[in-house]
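Dropping coords27.tsv in here (TSV, C-alpha atoms and all ligand atoms):
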```tsv
chain	number	residue	atom	x	y	z
A	1	MET	CA	11.65	135.26	-63.30
A	2	GLU	CA	8.10	135.71	-64.56
A	3	ASP	CA	8.06	133.48	-67.61
A	4	CYS	CA	10.28	130.72	-66.27
A	5	ILE	CA	8.56	127.38	-65.70
A	6	PHE	CA	11.12	126.30	-63.08
A	7	CYS	CA	10.78	129.59	-61.17
A	8	LYS	CA	7.03	128.94	-61.09
A	9	ILE	CA	7.59	125.38	-59.82
A	10	ILE	CA	9.96	126.69	-57.11
A	11	ASN	CA	7.31	129.26	-56.20
A	12	GLY	CA	4.79	126.43	-55.70
A	13	ASP	CA	2.51	127.60	-58.52
A	14	PHE	CA	1.81	124.05	-59.75
A	15	GLY	CA	1.92	122.21	-56.43
A	16	THR	CA	4.90	120.14	-57.63
A	17	GLU	CA	6.13	117.75	-54.95
A	18	PHE	CA	9.76	118.26	-53.93
A	19	VAL	CA	11.51	114.97	-53.24
A	20	TYR	CA	14.29	116.95	-51.54
A	21	GLU	CA	14.99	120.61	-50.85
A	22	ASN	CA	17.48	122.79	-49.03
A	23	GLU	CA	18.45	126.48	-48.87
A	24	ASP	CA	19.96	126.43	-52.34
A	25	ALA	CA	17.78	124.16	-54.42
A	26	VAL	CA	14.67	122.08	-54.88
A	27	VAL	CA	14.59	118.57	-56.37
A	28	PHE	CA	11.59	117.16	-58.19
A	29	LYS	CA	10.72	114.39	-60.66
A	30	ASP	CA	11.09	115.12	-64.36
A	31	ILE	CA	7.67	115.27	-66.04
A	32	ASN	CA	8.96	113.24	-69.00
A	33	PRO	CA	11.32	110.72	-67.36
A	34	LYS	CA	14.18	109.33	-69.44
A	35	ALA	CA	15.14	106.73	-66.83
A	36	ASP	CA	13.48	104.63	-64.12
A	37	THR	CA	14.31	107.49	-61.76
A	38	HIS	CA	14.78	110.94	-63.29
A	39	LEU	CA	15.14	113.88	-60.92
A	40	LEU	CA	16.00	117.52	-61.53
A	41	VAL	CA	18.10	119.58	-59.12
A	42	VAL	CA	17.12	123.22	-59.61
A	43	PRO	CA	18.67	126.19	-57.77
A	44	ARG	CA	16.24	128.62	-56.19
A	45	ILE	CA	17.89	131.53	-57.99
A	46	HIS	CA	17.22	132.05	-61.69
A	47	VAL	CA	20.38	131.54	-63.75
A	48	GLU	CA	19.91	130.66	-67.42
A	49	SER	CA	22.60	128.05	-67.82
A	50	LEU	CA	26.03	126.93	-66.67
A	51	ASN	CA	27.49	129.64	-68.89
A	52	GLU	CA	25.86	132.31	-66.72
A	53	LEU	CA	26.66	130.69	-63.35
A	54	ASN	CA	29.68	132.41	-61.81
A	55	ASP	CA	29.17	131.40	-58.18
A	56	GLU	CA	31.51	128.43	-57.83
A	57	ALA	CA	30.54	127.85	-54.21
A	58	LEU	CA	26.90	127.50	-55.28
A	59	LEU	CA	27.90	125.07	-58.02
A	60	GLY	CA	29.70	122.99	-55.38
A	61	ARG	CA	26.66	123.04	-53.11
A	62	LEU	CA	24.43	122.00	-56.02
A	63	MET	CA	26.61	118.94	-56.57
A	64	MET	CA	26.36	118.16	-52.85
A	65	THR	CA	22.60	118.52	-53.27
A	66	VAL	CA	22.74	115.93	-56.06
A	67	LYS	CA	24.44	113.54	-53.66
A	68	GLU	CA	21.98	114.19	-50.84
A	69	ALA	CA	18.91	113.88	-53.09
A	70	ALA	CA	20.26	110.65	-54.61
A	71	LYS	CA	20.85	109.24	-51.16
A	72	LYS	CA	17.36	110.20	-50.02
A	73	ALA	CA	15.92	108.54	-53.16
A	74	GLY	CA	17.91	105.37	-52.37
A	75	LEU	CA	20.11	105.68	-55.46
A	76	LYS	CA	23.60	104.26	-55.25
A	77	SER	CA	24.37	104.46	-58.95
A	78	TYR	CA	23.28	107.35	-61.12
A	79	ARG	CA	24.28	109.63	-63.99
A	80	THR	CA	24.32	113.43	-63.76
A	81	VAL	CA	23.75	115.59	-66.83
A	82	ILE	CA	23.79	119.36	-67.40
A	83	ASN	CA	22.62	120.44	-70.85
A	84	THR	CA	24.04	123.86	-71.72
A	85	GLY	CA	22.60	125.64	-74.75
A	86	LYS	CA	19.84	124.78	-77.21
A	87	GLU	CA	22.09	122.79	-79.54
A	88	ALA	CA	23.08	120.55	-76.63
A	89	GLY	CA	19.43	119.85	-75.80
A	90	GLN	CA	18.70	122.48	-73.16
A	91	GLU	CA	14.96	123.19	-73.23
A	92	VAL	CA	14.45	125.02	-69.94
A	93	PHE	CA	16.71	128.04	-69.51
A	94	HIS	CA	16.98	127.87	-65.73
A	95	ILE	CA	20.06	125.83	-64.89
A	96	HIS	CA	19.34	122.33	-63.59
A	97	ILE	CA	21.18	119.08	-63.03
A	98	HIS	CA	19.55	115.85	-64.20
A	99	ILE	CA	19.90	112.75	-62.01
A	100	LEU	CA	19.21	109.58	-63.98
A	101	SER	CA	19.20	106.09	-62.55
A	102	GLY	CA	18.09	102.60	-63.51
A	103	ASP	CA	17.25	101.98	-67.18
A	104	ILE	CA	18.51	105.23	-68.80
A	105	ARG	CA	16.87	106.07	-72.15
A	106	LEU	CA	18.87	109.09	-73.29
A	201	LIG	P1	16.76	120.25	-70.43
A	201	LIG	O1	16.42	119.64	-71.76
A	201	LIG	O2	16.50	121.74	-70.41
A	201	LIG	O3	18.12	119.88	-69.92
A	201	LIG	O4	15.78	119.58	-69.38
A	201	LIG	C1	14.51	120.09	-69.09
A	201	LIG	C2	13.75	118.96	-68.44
A	201	LIG	O5	12.65	119.54	-67.75
A	201	LIG	C3	13.19	117.95	-69.45
A	201	LIG	O6	13.68	116.66	-69.14
A	201	LIG	C4	11.67	118.07	-69.26
A	201	LIG	O7	11.02	116.81	-69.34
A	201	LIG	C5	11.54	118.68	-67.88
A	201	LIG	N1	10.37	119.53	-67.70
A	201	LIG	C6	9.93	120.51	-68.54
A	201	LIG	N2	8.83	121.10	-68.04
A	201	LIG	C7	8.59	120.49	-66.85
A	201	LIG	C8	7.57	120.67	-65.85
A	201	LIG	O8	6.68	121.51	-65.96
A	201	LIG	N3	7.63	119.87	-64.76
A	201	LIG	C9	8.61	118.93	-64.60
A	201	LIG	N4	8.55	118.18	-63.49
A	201	LIG	N5	9.57	118.74	-65.51
A	201	LIG	C10	9.57	119.51	-66.62
A	202	ZN	ZN	13.82	130.46	-63.50
```

Represent the structure from my file as structure tokens, please.
Amino acid sequence: MEDCIFCKIINGDFGTEFVYENEDAVVFKDINPKADTHLLVVPRIHVESLNELNDEALLGRLMMTVKEAAKKAGLKSYRTVINTGKEAGQEVFHIHIHILSGDIRL
């Protein structure tokens, strides 16, 4: 999607480094980390939020991607967060899963 910051990142427009990637998703560091390690798992397809995601197999694979990215980052213990909707704190309307580990400042 043209005006979506995460679509632009996935497209390589900003040269963002991916700490992990697979067919379904890319994983990169949050620009404003709220923990010692703060990663974002972002599907390659543009879906606004969990409310618009109807592909349950993709959702399952995204959670497997969380696990694989956490393993690659050497994280044994971590919190996953999905903000859905503005009132819940969602700022970027391209669904993503936060991975937070270490000192979490949320
Ligand atoms: P939300 O509040 O939508 O659940 O999370 C959006 C997250 O994306 C925030 O933690 C914010 O810091 C992060 N973010 C926003 N813009 C950028 C960006 O351009 N690059 C990166 N790496 N992270 C971003
Ligand atoms: Zn997008």

Would you mind listing the residues within 8 Å of ligand ZN 202 (chain A), counting all atoms listed in the file, as a ChimeraX atom specification?
-> /A:1-8,44-48,93-95

Top pick for closest residue to Glu21 in chain A, considering A:His98, A:Lys72, A:Arg105, A:His38 and counting only C-alpha atoms = A:Lys72

Close residues to ligand LIG 201 (chain A) using only C-alpha atoms and all ligand atoms, limit 12 Å, as number ranges by chain = A: 4-10, 12-19, 26-35, 37-42, 48-50, 80-100, 105-106

Using only C-alpha atoms, determine which residues lie at most 12 Å from Met64 in chain A, disregarding the query and same-chain residues fewer than 6 positions distant; provide the list as an mmCIF file with C-alpha atoms, in the coordinates of the input.
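Saved result, selection.cif, follows:
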```
data_model
loop_
_atom_site.group_PDB
_atom_site.id
_atom_site.type_symbol
_atom_site.label_atom_id
_atom_site.label_comp_id
_atom_site.auth_asym_id
_atom_site.auth_seq_id
_atom_site.Cartn_x
_atom_site.Cartn_y
_atom_site.Cartn_z
ATOM 1 C CA GLU A 21 14.990 120.610 -50.850
ATOM 2 C CA ASN A 22 17.480 122.790 -49.030
ATOM 3 C CA ASP A 24 19.960 126.430 -52.340
ATOM 4 C CA ALA A 25 17.780 124.160 -54.420
ATOM 5 C CA VAL A 41 18.100 119.580 -59.120
ATOM 6 C CA ALA A 57 30.540 127.850 -54.210
ATOM 7 C CA LEU A 58 26.900 127.500 -55.280
ATOM 8 C CA ALA A 70 20.260 110.650 -54.610
ATOM 9 C CA LYS A 71 20.850 109.240 -51.160
ATOM 10 C CA ILE A 97 21.180 119.080 -63.030
#
```

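What separates CA of Tyr20 in chain A from CA of Ile104 in chain A is a distance of 21.3 Å.
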
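Taking CA of Glu23 in chain A as the reference point, CA of Ala73 in chain A is found at 18.6 Å.
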
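Nearest residue to Leu75 in chain A among A:Gly102, A:Asp55, A:Asn11, A:Leu62 is A:Gly102, counting all atoms listed in the file.
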
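Taking CA of Asp36 in chain A and CA of Ser101 in chain A as endpoints, the distance between them is 6.1 Å.
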
Assuming the input is short of atoms at range 89-100 of chain A, produce all heavy atoms for that part as a PDB file, in the frame of the given file.
```
ATOM      1  N   GLY A  89      20.658 120.457 -76.310  1.00  0.00           N
ATOM      2  CA  GLY A  89      19.430 119.850 -75.800  1.00  0.00           C
ATOM      3  C   GLY A  89      18.792 120.576 -74.638  1.00  0.00           C
ATOM      4  O   GLY A  89      17.826 120.084 -74.056  1.00  0.00           O
ATOM      5  N   GLN A  90      19.331 121.746 -74.261  1.00  0.00           N
ATOM      6  CA  GLN A  90      18.700 122.480 -73.160  1.00  0.00           C
ATOM      7  C   GLN A  90      17.363 123.059 -73.637  1.00  0.00           C
ATOM      8  O   GLN A  90      17.290 123.749 -74.651  1.00  0.00           O
ATOM      9  CB  GLN A  90      19.610 123.615 -72.652  1.00  0.00           C
ATOM     10  CG  GLN A  90      19.023 124.299 -71.417  1.00  0.00           C
ATOM     11  CD  GLN A  90      19.958 125.342 -70.794  1.00  0.00           C
ATOM     12  OE1 GLN A  90      21.048 125.623 -71.315  1.00  0.00           O
ATOM     13  NE2 GLN A  90      19.517 125.915 -69.692  1.00  0.00           N
ATOM     14  N   GLU A  91      16.314 122.726 -72.881  1.00  0.00           N
ATOM     15  CA  GLU A  91      14.960 123.190 -73.230  1.00  0.00           C
ATOM     16  C   GLU A  91      14.455 124.218 -72.233  1.00  0.00           C
ATOM     17  O   GLU A  91      13.666 125.091 -72.590  1.00  0.00           O
ATOM     18  CB  GLU A  91      13.989 122.001 -73.244  1.00  0.00           C
ATOM     19  CG  GLU A  91      14.208 121.059 -74.415  1.00  0.00           C
ATOM     20  CD  GLU A  91      13.371 119.795 -74.305  1.00  0.00           C
ATOM     21  OE1 GLU A  91      12.589 119.677 -73.340  1.00  0.00           O
ATOM     22  OE2 GLU A  91      13.524 118.938 -75.187  1.00  0.00           O
ATOM     23  N   VAL A  92      14.879 124.078 -70.985  1.00  0.00           N
ATOM     24  CA  VAL A  92      14.450 125.020 -69.940  1.00  0.00           C
ATOM     25  C   VAL A  92      15.658 125.849 -69.536  1.00  0.00           C
ATOM     26  O   VAL A  92      16.665 125.300 -69.062  1.00  0.00           O
ATOM     27  CB  VAL A  92      13.856 124.271 -68.723  1.00  0.00           C
ATOM     28  CG1 VAL A  92      13.481 125.263 -67.630  1.00  0.00           C
ATOM     29  CG2 VAL A  92      12.651 123.437 -69.143  1.00  0.00           C
ATOM     30  N   PHE A  93      15.544 127.170 -69.728  1.00  0.00           N
ATOM     31  CA  PHE A  93      16.710 128.040 -69.510  1.00  0.00           C
ATOM     32  C   PHE A  93      16.726 128.606 -68.092  1.00  0.00           C
ATOM     33  O   PHE A  93      16.719 129.812 -67.855  1.00  0.00           O
ATOM     34  CB  PHE A  93      16.771 129.101 -70.616  1.00  0.00           C
ATOM     35  CG  PHE A  93      17.266 128.470 -71.887  1.00  0.00           C
ATOM     36  CD1 PHE A  93      16.385 127.797 -72.727  1.00  0.00           C
ATOM     37  CD2 PHE A  93      18.619 128.459 -72.188  1.00  0.00           C
ATOM     38  CE1 PHE A  93      16.847 127.152 -73.867  1.00  0.00           C
ATOM     39  CE2 PHE A  93      19.092 127.816 -73.324  1.00  0.00           C
ATOM     40  CZ  PHE A  93      18.202 127.166 -74.161  1.00  0.00           C
ATOM     41  N   HIS A  94      16.729 127.655 -67.160  1.00  0.00           N
ATOM     42  CA  HIS A  94      16.980 127.870 -65.730  1.00  0.00           C
ATOM     43  C   HIS A  94      17.839 126.663 -65.368  1.00  0.00           C
ATOM     44  O   HIS A  94      17.356 125.515 -65.431  1.00  0.00           O
ATOM     45  CB  HIS A  94      15.640 127.899 -64.963  1.00  0.00           C
ATOM     46  CG  HIS A  94      15.759 128.081 -63.487  1.00  0.00           C
ATOM     47  ND1 HIS A  94      14.945 128.939 -62.763  1.00  0.00           N
ATOM     48  CD2 HIS A  94      16.569 127.480 -62.572  1.00  0.00           C
ATOM     49  CE1 HIS A  94      15.252 128.877 -61.481  1.00  0.00           C
ATOM     50  NE2 HIS A  94      16.235 127.987 -61.339  1.00  0.00           N
ATOM     51  N   ILE A  95      19.087 126.926 -65.045  1.00  0.00           N
ATOM     52  CA  ILE A  95      20.060 125.830 -64.890  1.00  0.00           C
ATOM     53  C   ILE A  95      19.511 124.718 -63.982  1.00  0.00           C
ATOM     54  O   ILE A  95      18.867 124.984 -62.963  1.00  0.00           O
ATOM     55  CB  ILE A  95      21.420 126.351 -64.371  1.00  0.00           C
ATOM     56  CG1 ILE A  95      22.468 125.248 -64.400  1.00  0.00           C
ATOM     57  CG2 ILE A  95      21.294 126.973 -63.001  1.00  0.00           C
ATOM     58  CD1 ILE A  95      23.876 125.714 -64.045  1.00  0.00           C
ATOM     59  N   HIS A  96      19.788 123.485 -64.374  1.00  0.00           N
ATOM     60  CA  HIS A  96      19.340 122.330 -63.590  1.00  0.00           C
ATOM     61  C   HIS A  96      20.281 121.168 -63.865  1.00  0.00           C
ATOM     62  O   HIS A  96      20.882 121.085 -64.940  1.00  0.00           O
ATOM     63  CB  HIS A  96      17.898 121.952 -63.921  1.00  0.00           C
ATOM     64  CG  HIS A  96      17.643 121.818 -65.390  1.00  0.00           C
ATOM     65  ND1 HIS A  96      17.436 122.917 -66.201  1.00  0.00           N
ATOM     66  CD2 HIS A  96      17.596 120.731 -66.193  1.00  0.00           C
ATOM     67  CE1 HIS A  96      17.243 122.504 -67.438  1.00  0.00           C
ATOM     68  NE2 HIS A  96      17.345 121.182 -67.475  1.00  0.00           N
ATOM     69  N   ILE A  97      20.363 120.279 -62.892  1.00  0.00           N
ATOM     70  CA  ILE A  97      21.180 119.080 -63.030  1.00  0.00           C
ATOM     71  C   ILE A  97      20.248 117.880 -63.050  1.00  0.00           C
ATOM     72  O   ILE A  97      19.441 117.688 -62.132  1.00  0.00           O
ATOM     73  CB  ILE A  97      22.181 118.943 -61.860  1.00  0.00           C
ATOM     74  CG1 ILE A  97      23.025 120.217 -61.738  1.00  0.00           C
ATOM     75  CG2 ILE A  97      23.067 117.715 -62.052  1.00  0.00           C
ATOM     76  CD1 ILE A  97      23.883 120.268 -60.477  1.00  0.00           C
ATOM     77  N   HIS A  98      20.344 117.083 -64.117  1.00  0.00           N
ATOM     78  CA  HIS A  98      19.550 115.850 -64.200  1.00  0.00           C
ATOM     79  C   HIS A  98      20.231 114.771 -63.367  1.00  0.00           C
ATOM     80  O   HIS A  98      21.457 114.629 -63.404  1.00  0.00           O
ATOM     81  CB  HIS A  98      19.496 115.343 -65.648  1.00  0.00           C
ATOM     82  CG  HIS A  98      18.805 116.254 -66.610  1.00  0.00           C
ATOM     83  ND1 HIS A  98      17.525 116.037 -67.056  1.00  0.00           N
ATOM     84  CD2 HIS A  98      19.227 117.387 -67.233  1.00  0.00           C
ATOM     85  CE1 HIS A  98      17.176 116.991 -67.921  1.00  0.00           C
ATOM     86  NE2 HIS A  98      18.201 117.827 -68.040  1.00  0.00           N
ATOM     87  N   ILE A  99      19.437 113.986 -62.661  1.00  0.00           N
ATOM     88  CA  ILE A  99      19.900 112.750 -62.010  1.00  0.00           C
ATOM     89  C   ILE A  99      19.127 111.612 -62.663  1.00  0.00           C
ATOM     90  O   ILE A  99      17.889 111.603 -62.609  1.00  0.00           O
ATOM     91  CB  ILE A  99      19.621 112.747 -60.490  1.00  0.00           C
ATOM     92  CG1 ILE A  99      20.299 113.924 -59.794  1.00  0.00           C
ATOM     93  CG2 ILE A  99      20.057 111.420 -59.875  1.00  0.00           C
ATOM     94  CD1 ILE A  99      19.966 114.008 -58.287  1.00  0.00           C
ATOM     95  N   LEU A 100      19.863 110.693 -63.285  1.00  0.00           N
ATOM     96  CA  LEU A 100      19.210 109.580 -63.980  1.00  0.00           C
ATOM     97  C   LEU A 100      19.721 108.265 -63.400  1.00  0.00           C
ATOM     98  O   LEU A 100      20.937 108.087 -63.223  1.00  0.00           O
ATOM     99  CB  LEU A 100      19.532 109.637 -65.470  1.00  0.00           C
ATOM    100  CG  LEU A 100      19.081 110.924 -66.171  1.00  0.00           C
ATOM    101  CD1 LEU A 100      20.226 111.537 -66.956  1.00  0.00           C
ATOM    102  CD2 LEU A 100      17.891 110.669 -67.079  1.00  0.00           C
TER     103      LEU A 100
END
```
